[in-house]
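Novice: Got a structure here, written out as structure tokens. Questions coming.
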Amino acid sequence: MLTDAFLEQDLRNKKYVEMFCGKFDVKLTEICITQENGNPEHAYTFSDDLGYYTIKGIKDSLLNK
């Protein structure tokens with residue numbers, strides 16, 4: 001079950017997701033949850049068909065890391 005804090009995090013991530021979409025000319029296609037790093041976190045899928053990105057991956061991409 002999603003908590004209010006988890007949903008609030010999604011709202012805080014929105015600006016980074018929008019910047020990512022603009023920079024890479026992609027569209028957000030899905031938001032799901034991953035436990036890749038041992039705890040639940042958002043996983044964003046875009047129209048680039050490159051799999052999902054966590055918010056860390058999105059931020060790193062915006063900084064060209």
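By order in the structure tokens, chains are A, B, ...; within a chain, residues start at 1; ligands start at 1, following the order shown.
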For Thr54 (chain A), list every protein, DNA or RNA residue within 9 Å, evaluated using only C-alpha atoms, and leave out those in the same chain fewer than 4 positions away; present the list as a compact mmCIF listing (two decimals) with C-alpha atoms, in the first residue's frame.
Specialist:
# COMPACT_ATOMS: atom_id res chain seq x y z
CA THR A 34 11.22 -1.14 -7.53
CA GLU A 41 11.36 3.54 -4.54
CA HIS A 42 9.78 4.99 -7.63
CA ALA A 43 10.80 3.63 -11.01
CA TYR A 44 10.00 5.78 -14.04
CA ILE A 58 17.19 10.69 -13.63
CA LYS A 59 19.20 13.26 -11.65
Novice: From the DSSP assignment of the backbone, select every residue of chain A that is alpha helix (DSSP H), and format the answer as a count of residues only.
Specialist: 29
Novice: Which value, in Å to one decimal, gives the distance between CA of Phe46 (chain A) and CA of Glu30 (chain A)?
Specialist: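 That distance, rounded to one decimal, is 7.0 Å.
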Novice: For CA of Ala5 (chain A) and CA of Glu18 (chain A), quote the distance in Å rounded to one decimal.
Specialist: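 Interatomic distance here is 20.5 Å.
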Novice: I'd like to know which of A:Ser61, A:Tyr52, A:Asp4, A:Phe20 is closest to Ile33 (chain A), using only C-alpha atoms.
Specialist: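 Nearest candidate to Ile33 (chain A) out of A:Ser61, A:Tyr52, A:Asp4, A:Phe20: A:Tyr52.
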Novice: Which residues, written as a ChimeraX atom specification, have at least one atom at most 12 Å from Pro40 (chain A), with only C-alpha atoms counted and residues fewer than 4 positions away on the same chain left out?
Specialist: /A:1-3,6,9,32-36,54
Novice: List the neighbours of region 26-29 of chain A out to 6 Å using only C-alpha atoms; skip same-chain residues closer than 2 positions along the sequence, and give me the result as an MDAnalysis selection string.
Specialist: chainID A and resid 21 24 45:47
Novice: Kindly save the residues from that selection, with N, CA and C atoms included, as an mmCIF file, in the first residue's frame.
Specialist:
data_model
loop_
_atom_site.group_PDB
_atom_site.id
_atom_site.type_symbol
_atom_site.label_atom_id
_atom_site.label_comp_id
_atom_site.auth_asym_id
_atom_site.auth_seq_id
_atom_site.Cartn_x
_atom_site.Cartn_y
_atom_site.Cartn_z
ATOM 1 N N CYS A 21 12.305 14.729 -19.311
ATOM 2 C CA CYS A 21 11.505 14.603 -20.535
ATOM 3 C C CYS A 21 11.884 15.681 -21.546
ATOM 4 N N PHE A 24 15.665 15.118 -22.963
ATOM 5 C CA PHE A 24 15.883 13.950 -23.807
ATOM 6 C C PHE A 24 14.738 13.680 -24.778
ATOM 7 N N THR A 45 9.439 4.893 -16.231
ATOM 8 C CA THR A 45 9.694 4.366 -17.564
ATOM 9 C C THR A 45 9.318 5.433 -18.577
ATOM 10 N N PHE A 46 10.162 5.589 -19.588
ATOM 11 C CA PHE A 46 9.961 6.633 -20.602
ATOM 12 C C PHE A 46 9.856 6.006 -21.994
ATOM 13 N N SER A 47 9.507 6.816 -22.938
ATOM 14 C CA SER A 47 9.302 6.356 -24.312
ATOM 15 C C SER A 47 10.604 6.009 -25.030
#
Novice: Quick one, how far is CA of Gly57 (chain A) from CA of Asn13 (chain A)?
Specialist: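 One can read the CA of Gly57 (chain A) to CA of Asn13 (chain A) distance as 11.8 Å.
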Novice: Between A:Leu62, A:Glu8, A:Asp48, A:Ile55, which one has atoms that come closest to Asp25 (chain A), using only C-alpha atoms?
Specialist: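 Counting only C-alpha atoms, the residue closest to Asp25 (chain A) is A:Asp48.
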Novice: Apply DSSP to the backbone of this structure and, from region 23-60 of chain A, keep only the residues in strand (DSSP E or B); write these as a list in words.
Specialist: Leu28, Thr29, Glu30, Ile31, Cys32, Ile33, Thr34, Glu41, His42, Ala43, Tyr44, Thr45, Phe46, Tyr52 and Tyr53 of chain A
